[in-house]
file target.tsv (TSV, C-alpha atoms)
chain	number	residue	atom	x	y	z
A	1	MET	CA	-5.46	-8.61	13.08
A	2	GLU	CA	-8.69	-8.72	11.15
A	3	LEU	CA	-9.24	-10.49	7.87
A	4	TYR	CA	-11.18	-8.62	5.20
A	5	ASP	CA	-13.18	-11.65	4.34
A	6	ASP	CA	-13.50	-15.12	5.81
A	7	ARG	CA	-13.35	-16.63	2.33
A	8	PRO	CA	-10.15	-17.19	0.36
A	9	ALA	CA	-9.74	-15.51	-3.01
A	10	ASP	CA	-11.36	-17.43	-5.81
A	11	ASP	CA	-8.79	-19.09	-8.07
A	12	GLY	CA	-10.62	-17.59	-11.06
A	13	VAL	CA	-10.14	-14.05	-9.70
A	14	ILE	CA	-6.46	-14.75	-9.04
A	15	GLY	CA	-6.06	-16.25	-12.52
A	16	ARG	CA	-7.74	-13.29	-14.23
A	17	SER	CA	-5.56	-10.85	-12.27
A	18	LEU	CA	-2.39	-12.72	-13.21
A	19	ALA	CA	-3.46	-12.88	-16.85
A	20	GLU	CA	-4.15	-9.13	-16.91
A	21	LEU	CA	-0.85	-8.37	-15.18
A	22	GLY	CA	1.06	-10.53	-17.64
A	23	PHE	CA	3.54	-11.82	-15.06
A	24	ALA	CA	3.57	-14.22	-12.13
A	25	LEU	CA	3.29	-12.94	-8.60
A	26	PRO	CA	5.46	-14.49	-5.88
A	27	ASN	CA	4.13	-17.83	-4.66
A	28	GLY	CA	3.98	-16.72	-1.02
A	29	TYR	CA	1.68	-13.85	-1.94
A	30	VAL	CA	-0.57	-16.00	-4.15
A	31	ASP	CA	-0.77	-18.57	-1.32
A	32	PHE	CA	-1.78	-15.78	1.06
A	33	LEU	CA	-4.58	-14.68	-1.28
A	34	ARG	CA	-5.79	-18.28	-1.60
A	35	LYS	CA	-5.99	-18.56	2.20
A	36	HIS	CA	-6.97	-15.08	3.38
A	37	ASN	CA	-7.74	-12.71	0.49
A	38	GLY	CA	-6.58	-9.57	2.26
A	39	LEU	CA	-6.40	-8.29	5.79
A	40	GLU	CA	-6.42	-5.12	7.78
A	41	GLY	CA	-4.96	-4.54	11.22
A	42	PHE	CA	-1.89	-4.44	13.39
A	43	ILE	CA	1.11	-6.70	13.17
A	44	GLY	CA	2.94	-5.86	16.36
A	45	ASP	CA	2.56	-2.09	16.52
A	46	LYS	CA	2.56	-1.57	12.73
A	47	TYR	CA	-0.71	-1.15	10.85
A	48	ILE	CA	-1.19	-2.69	7.42
A	49	THR	CA	-3.93	-3.19	4.88
A	50	LEU	CA	-3.44	-5.92	2.29
A	51	TRP	CA	-5.91	-5.64	-0.56
A	52	LYS	CA	-8.14	-8.40	-1.88
A	53	ALA	CA	-7.18	-10.15	-5.11
A	54	LYS	CA	-9.96	-8.39	-7.02
A	55	GLU	CA	-8.70	-4.98	-5.79
A	56	LEU	CA	-5.10	-5.27	-7.03
A	57	ILE	CA	-5.50	-4.05	-10.59
A	58	PRO	CA	-8.26	-1.47	-10.03
A	59	PHE	CA	-6.48	0.07	-7.02
A	60	ASN	CA	-3.18	0.32	-8.94
A	61	ARG	CA	-5.06	2.05	-11.78
A	62	GLU	CA	-6.82	4.45	-9.39
A	63	TYR	CA	-3.52	5.41	-7.74
A	64	GLU	CA	-1.89	5.79	-11.20
A	65	VAL	CA	1.05	3.67	-10.07
A	66	ASP	CA	2.21	2.98	-13.65
A	67	LYS	CA	2.43	6.72	-14.28
A	68	TYR	CA	4.40	7.65	-11.16
A	69	ALA	CA	6.21	4.45	-10.14
A	70	PRO	CA	6.35	2.14	-13.17
A	71	GLY	CA	7.39	-1.38	-12.32
A	72	ILE	CA	5.87	-1.31	-8.85
A	73	LEU	CA	2.68	-3.25	-8.20
A	74	LEU	CA	1.04	-2.09	-5.00
A	75	PHE	CA	-0.84	-4.68	-2.94
A	76	GLY	CA	-1.55	-2.74	0.24
A	77	SER	CA	-0.86	0.24	2.44
A	78	SER	CA	0.25	1.39	5.85
A	79	GLY	CA	-3.13	3.03	6.33
A	80	GLY	CA	-1.34	6.36	6.56
A	81	GLY	CA	0.60	7.58	3.58
A	82	GLU	CA	2.61	4.71	2.17
A	83	GLY	CA	1.88	1.84	-0.16
A	84	TYR	CA	3.45	-1.62	-0.11
A	85	GLY	CA	4.18	-3.39	-3.36
A	86	PHE	CA	6.41	-5.62	-5.40
A	87	ASP	CA	9.27	-4.18	-7.43
A	88	THR	CA	8.52	-6.12	-10.60
A	89	GLN	CA	11.65	-4.82	-12.32
A	90	ALA	CA	13.85	-6.86	-9.98
A	91	ALA	CA	14.02	-10.61	-10.66
A	92	GLU	CA	13.38	-11.52	-7.01
A	93	MET	CA	10.48	-9.01	-6.74
A	94	PRO	CA	11.34	-7.54	-3.34
A	95	ILE	CA	8.64	-5.80	-1.34
A	96	VAL	CA	8.99	-2.04	-1.30
A	97	ARG	CA	7.38	0.82	0.58
A	98	VAL	CA	6.61	3.93	-1.47
A	99	PRO	CA	4.93	7.20	-0.46
A	100	PHE	CA	1.52	7.82	-2.00
A	101	ILE	CA	2.26	11.55	-2.40
A	102	GLY	CA	5.42	12.09	-4.39
A	103	MET	CA	5.06	8.51	-5.59
A	104	ASP	CA	8.22	7.65	-7.50
A	105	ARG	CA	10.38	4.55	-7.88
A	106	ARG	CA	13.32	6.60	-6.62
A	107	HIS	CA	11.56	7.03	-3.28
A	108	SER	CA	10.77	3.34	-2.83
A	109	LYS	CA	12.58	1.45	-0.10
A	110	VAL	CA	13.01	-2.32	0.06
A	111	VAL	CA	11.40	-3.57	3.27
A	112	ALA	CA	11.43	-7.34	2.69
A	113	ARG	CA	12.83	-9.89	0.27
A	114	GLY	CA	9.68	-12.03	0.28
A	115	PHE	CA	6.07	-11.94	1.38
A	116	ALA	CA	6.70	-13.87	4.61
A	117	GLY	CA	9.57	-11.49	5.28
A	118	LEU	CA	7.14	-8.56	5.33
A	119	PHE	CA	5.36	-10.03	8.34
A	120	ALA	CA	8.67	-10.83	10.02
A	121	THR	CA	9.84	-7.25	9.45
A	122	PHE	CA	6.73	-5.88	11.12
A	123	VAL	CA	7.19	-8.13	14.15
A	124	GLU	CA	10.91	-7.24	14.40
A	125	CYS	CA	10.14	-3.51	14.16
A	126	SER	CA	7.53	-3.66	16.90
A	127	GLY	CA	8.23	-1.53	19.89
A	128	ASN	CA	7.73	-2.32	23.53
A	129	GLY	CA	4.04	-3.09	23.20
A	130	ASN	CA	2.73	0.46	23.49
A	131	VAL	CA	0.53	0.57	20.44
A	132	GLY	CA	-1.99	3.28	21.19
A	133	ASP	CA	-5.54	3.23	19.86
A	134	ARG	CA	-6.29	0.04	17.97
A	135	SER	CA	-9.82	1.09	17.03
A	136	LEU	CA	-8.86	2.72	13.73
A	137	PRO	CA	-11.50	3.19	11.04
A	138	LYS	CA	-11.49	0.11	8.80
A	139	GLY	CA	-11.12	0.55	5.06
A	140	MET	CA	-9.89	4.13	5.38
A	141	GLU	CA	-6.57	5.95	5.01
A	142	LEU	CA	-5.18	8.64	7.29
A	143	PHE	CA	-4.24	11.50	4.99
A	144	GLU	CA	-2.25	14.69	5.44
A	145	ILE	CA	-4.38	17.56	4.17
A	146	THR	CA	-1.23	19.43	3.13
A	147	PRO	CA	1.34	16.75	2.31
A	148	VAL	CA	4.66	16.91	4.16
A	149	LEU	CA	6.41	17.03	0.78
A	150	LEU	CA	4.68	20.37	0.20
A	151	GLY	CA	5.24	21.82	3.67
A	152	GLY	CA	2.50	20.15	5.71
A	153	ASP	CA	3.18	19.43	9.38
A	154	PRO	CA	3.26	15.64	9.92
A	155	SER	CA	2.60	15.98	13.65
A	156	ASP	CA	-0.26	18.50	13.55
A	157	PRO	CA	-3.58	16.69	14.13
A	158	LYS	CA	-5.33	19.51	12.23
A	159	ASN	CA	-3.38	18.42	9.15
A	160	LYS	CA	-4.85	14.90	9.24
A	161	ILE	CA	-8.12	13.53	7.98
A	162	TRP	CA	-9.57	10.06	7.48
A	163	LEU	CA	-10.53	9.38	3.87
A	164	THR	CA	-12.50	6.57	2.30
A	165	ARG	CA	-10.64	4.56	-0.32
A	166	GLN	CA	-12.36	6.49	-3.14
A	167	GLN	CA	-11.54	9.86	-1.54
A	168	HIS	CA	-7.96	8.65	-1.05
A	169	PHE	CA	-7.64	7.73	-4.74
A	170	GLU	CA	-8.82	11.22	-5.69
A	171	ALA	CA	-6.58	13.04	-3.18
A	172	VAL	CA	-3.50	11.03	-4.19
A	173	ARG	CA	-4.12	11.70	-7.89
A	174	PHE	CA	-4.65	15.42	-7.21
A	175	TRP	CA	-1.53	15.89	-5.06
A	176	ASN	CA	0.67	13.77	-7.34
A	177	GLY	CA	-0.49	15.95	-10.23
A	178	VAL	CA	0.52	19.05	-8.23
A	179	VAL	CA	3.92	17.54	-7.40
A	180	ASP	CA	4.41	16.50	-11.03
A	181	ASP	CA	3.56	20.03	-12.25
A	182	LEU	CA	5.96	21.59	-9.73
A	183	CYS	CA	8.76	19.25	-10.77
A	184	ARG	CA	8.23	20.12	-14.45
A	185	GLN	CA	8.38	23.84	-13.64
A	186	ALA	CA	11.59	23.50	-11.63
call {"tool": "encode", "arguments": {"input": "target.tsv", "output": "structure tokens"}}
result
Amino acid sequence: MELYDDRPADDGVIGRSLAELGFALPNGYVDFLRKHNGLEGFIGDKYITLWKAKELIPFNREYEVDKYAPGILLFGSSGGGEGYGFDTQAAEMPIVRVPFIGMDRRHSKVVARGFAGLFATFVECSGNGNVGDRSLPKGMELFEITPVLLGGDPSDPKNKIWLTRQQHFEAVRFWNGVVDDLCRQA
């Protein structure tokens, strides 16, 4: 596993983020930011990217999380189609996984009851050690050119492309707009 940065998140950055959010984040997560300030890599055979403290609010804005999944605060991704976040509408703020395309609270699934539990879940879900290529592009997201929700083939390599974070923001906003328009027409 690779840390984004060898420096912990600055307490001022964490404080400004919390003030802008208007609610407290779970202590385990804040402690993680104070020690590591994000990471990217494999836990067992599962890939995860956990964003830096300064990325939390801007990334949630860019993905339009409040519009499509109000009450979820994303803090990272699977690197390939799903975001991880806190369900802030539940008192215990469980960690949920939600698809980037077709983003909706109704499609979120609780994956852990606490931040430490997320890591434990990844280790428990690990397979027999066959993890494939671990040299994935850092800071990028694997994206389905035609989302599965709209008929794309999830196993066709021609339907996959690596996107930078900025390209991913744009593609997610575009496809969620398409999905939203289709749902309104239905």
call {"tool": "atom_distance", "arguments": {"input": "target.tsv", "atom1": "CA of Arg184 in chain A", "atom2": "CA of Ile57 in chain A"}}
result
28.1 Å
call {"tool": "residues_around", "arguments": {"input": "target.tsv", "residues": "Ala116 in chain A", "least_positions_apart": "5", "cutoff": "9 Å", "atoms": "only C-alpha atoms", "output": "JSON, numbers by chain"}}
result
{"A": [28, 29, 121]}
call {"tool": "residues_around", "arguments": {"input": "target.tsv", "residues": "range 73-89 of chain A", "least_positions_apart": "6", "cutoff": "6 Å", "atoms": "only C-alpha atoms", "output": "PyMOL selection string"}}
result
chain A and resi 47-51+56+95-100+141-142
call {"tool": "atom_distance", "arguments": {"input": "target.tsv", "atom1": "CA of Asp11 in chain A", "atom2": "CA of Gly41 in chain A"}}
result
24.5 Å
call {"tool": "atom_distance", "arguments": {"input": "target.tsv", "atom1": "CA of Gly177 in chain A", "atom2": "CA of Asn60 in chain A"}}
result
15.9 Å
call {"tool": "closest_residue", "arguments": {"input": "target.tsv", "among": "A:Lys46, A:Asp156, A:Arg16, A:Ala24", "to": "Ala120 in chain A", "atoms": "only C-alpha atoms"}}
result
A:Lys46
call {"tool": "residues_around", "arguments": {"input": "target.tsv", "residues": "Lys35 in chain A", "least_positions_apart": "6", "cutoff": "10 Å", "atoms": "only C-alpha atoms", "output": "list in words"}}
result
Asp6, Arg7, Pro8, Ala9, Asp10 and Tyr29 of chain A
call {"tool": "closest_residue", "arguments": {"input": "target.tsv", "among": "A:Val111, A:Arg106, A:Lys52, A:Lys160", "to": "Glu40 in chain A", "atoms": "all atoms listed in the file"}}
result
A:Lys52
call {"tool": "residues_around", "arguments": {"input": "target.tsv", "residues": "Asp104 in chain A", "least_positions_apart": "6", "cutoff": "9 Å", "atoms": "only C-alpha atoms", "output": "ChimeraX atom specification"}}
result
/A:65,67-70,98
call {"tool": "closest_residue", "arguments": {"input": "target.tsv", "among": "A:Val30, A:Phe59, A:Ile72, A:Gly139", "to": "Thr164 in chain A", "atoms": "only C-alpha atoms"}}
result
A:Gly139
call {"tool": "residues_near_point", "arguments": {"input": "target.tsv", "point": "(-7.1, 16.5, 11.0)", "cutoff": "9 Å", "atoms": "only C-alpha atoms", "output": "list of chain:residue names"}}
result
A:Leu142, A:Phe143, A:Glu144, A:Ile145, A:Asp156, A:Pro157, A:Lys158, A:Asn159, A:Lys160, A:Ile161, A:Trp162
call {"tool": "build_atoms", "arguments": {"input": "target.tsv", "residues": "range 67-98 of chain A", "atoms": "N, CA and C atoms", "output": "compact mmCIF listing (two decimals), in the frame of the given file"}}
result
# COMPACT_ATOMS: atom_id res chain seq x y z
N LYS A 67 2.00 5.38 -13.87
CA LYS A 67 2.43 6.72 -14.28
C LYS A 67 3.56 7.24 -13.40
N TYR A 68 3.45 7.04 -12.09
CA TYR A 68 4.40 7.65 -11.16
C TYR A 68 5.49 6.70 -10.67
N ALA A 69 5.21 5.42 -10.62
CA ALA A 69 6.21 4.45 -10.14
C ALA A 69 6.14 3.18 -10.99
N PRO A 70 6.44 3.31 -12.30
CA PRO A 70 6.35 2.14 -13.17
C PRO A 70 7.22 1.00 -12.66
N GLY A 71 6.65 -0.20 -12.78
CA GLY A 71 7.39 -1.38 -12.32
C GLY A 71 7.09 -1.76 -10.89
N ILE A 72 6.29 -0.95 -10.20
CA ILE A 72 5.87 -1.31 -8.85
C ILE A 72 4.40 -1.70 -8.93
N LEU A 73 4.05 -2.81 -8.31
CA LEU A 73 2.68 -3.25 -8.20
C LEU A 73 2.29 -3.19 -6.73
N LEU A 74 1.48 -2.21 -6.39
CA LEU A 74 1.04 -2.09 -5.00
C LEU A 74 0.04 -3.19 -4.66
N PHE A 75 0.12 -3.68 -3.42
CA PHE A 75 -0.84 -4.68 -2.94
C PHE A 75 -1.42 -4.31 -1.58
N GLY A 76 -1.02 -3.14 -1.05
CA GLY A 76 -1.55 -2.74 0.24
C GLY A 76 -0.99 -1.41 0.68
N SER A 77 -1.32 -1.04 1.92
CA SER A 77 -0.86 0.24 2.44
C SER A 77 -0.62 0.18 3.93
N SER A 78 0.01 1.24 4.41
CA SER A 78 0.25 1.39 5.85
C SER A 78 -0.96 1.99 6.55
N GLY A 79 -1.96 2.36 5.77
CA GLY A 79 -3.13 3.03 6.33
C GLY A 79 -2.88 4.50 6.59
N GLY A 80 -1.68 4.98 6.27
CA GLY A 80 -1.34 6.36 6.56
C GLY A 80 -0.22 6.92 5.72
N GLY A 81 -0.33 6.84 4.41
CA GLY A 81 0.60 7.58 3.58
C GLY A 81 1.56 6.79 2.73
N GLU A 82 1.65 5.49 2.95
CA GLU A 82 2.61 4.71 2.17
C GLU A 82 1.95 3.44 1.64
N GLY A 83 2.35 3.07 0.43
CA GLY A 83 1.88 1.84 -0.16
C GLY A 83 2.96 0.77 -0.07
N TYR A 84 2.53 -0.47 -0.07
CA TYR A 84 3.45 -1.62 -0.11
C TYR A 84 3.23 -2.33 -1.44
N GLY A 85 4.31 -2.72 -2.08
CA GLY A 85 4.18 -3.39 -3.36
C GLY A 85 5.40 -4.20 -3.72
N PHE A 86 5.30 -4.85 -4.85
CA PHE A 86 6.41 -5.62 -5.40
C PHE A 86 7.14 -4.76 -6.42
N ASP A 87 8.46 -4.80 -6.38
CA ASP A 87 9.27 -4.18 -7.43
C ASP A 87 9.40 -5.22 -8.53
N THR A 88 8.56 -5.11 -9.54
CA THR A 88 8.52 -6.12 -10.60
C THR A 88 9.68 -6.01 -11.58
N GLN A 89 10.49 -4.96 -11.44
CA GLN A 89 11.65 -4.82 -12.32
C GLN A 89 12.87 -5.56 -11.78
N ALA A 90 12.78 -6.06 -10.57
CA ALA A 90 13.85 -6.86 -9.98
C ALA A 90 13.43 -8.33 -10.05
N ALA A 91 14.34 -9.20 -10.46
CA ALA A 91 14.02 -10.61 -10.66
C ALA A 91 13.40 -11.25 -9.42
N GLU A 92 13.90 -10.90 -8.23
CA GLU A 92 13.38 -11.52 -7.01
C GLU A 92 12.13 -10.84 -6.48
N MET A 93 11.67 -9.77 -7.11
CA MET A 93 10.48 -9.01 -6.74
C MET A 93 10.42 -8.68 -5.24
N PRO A 94 11.39 -7.91 -4.75
CA PRO A 94 11.34 -7.54 -3.34
C PRO A 94 10.12 -6.68 -3.04
N ILE A 95 9.76 -6.64 -1.78
CA ILE A 95 8.64 -5.80 -1.34
C ILE A 95 9.21 -4.43 -0.99
N VAL A 96 8.55 -3.41 -1.53
CA VAL A 96 8.99 -2.04 -1.30
C VAL A 96 7.87 -1.24 -0.65
N ARG A 97 8.30 -0.18 0.01
CA ARG A 97 7.38 0.82 0.58
C ARG A 97 7.60 2.09 -0.22
N VAL A 98 6.51 2.72 -0.65
CA VAL A 98 6.61 3.93 -1.47
C VAL A 98 5.56 4.93 -0.98
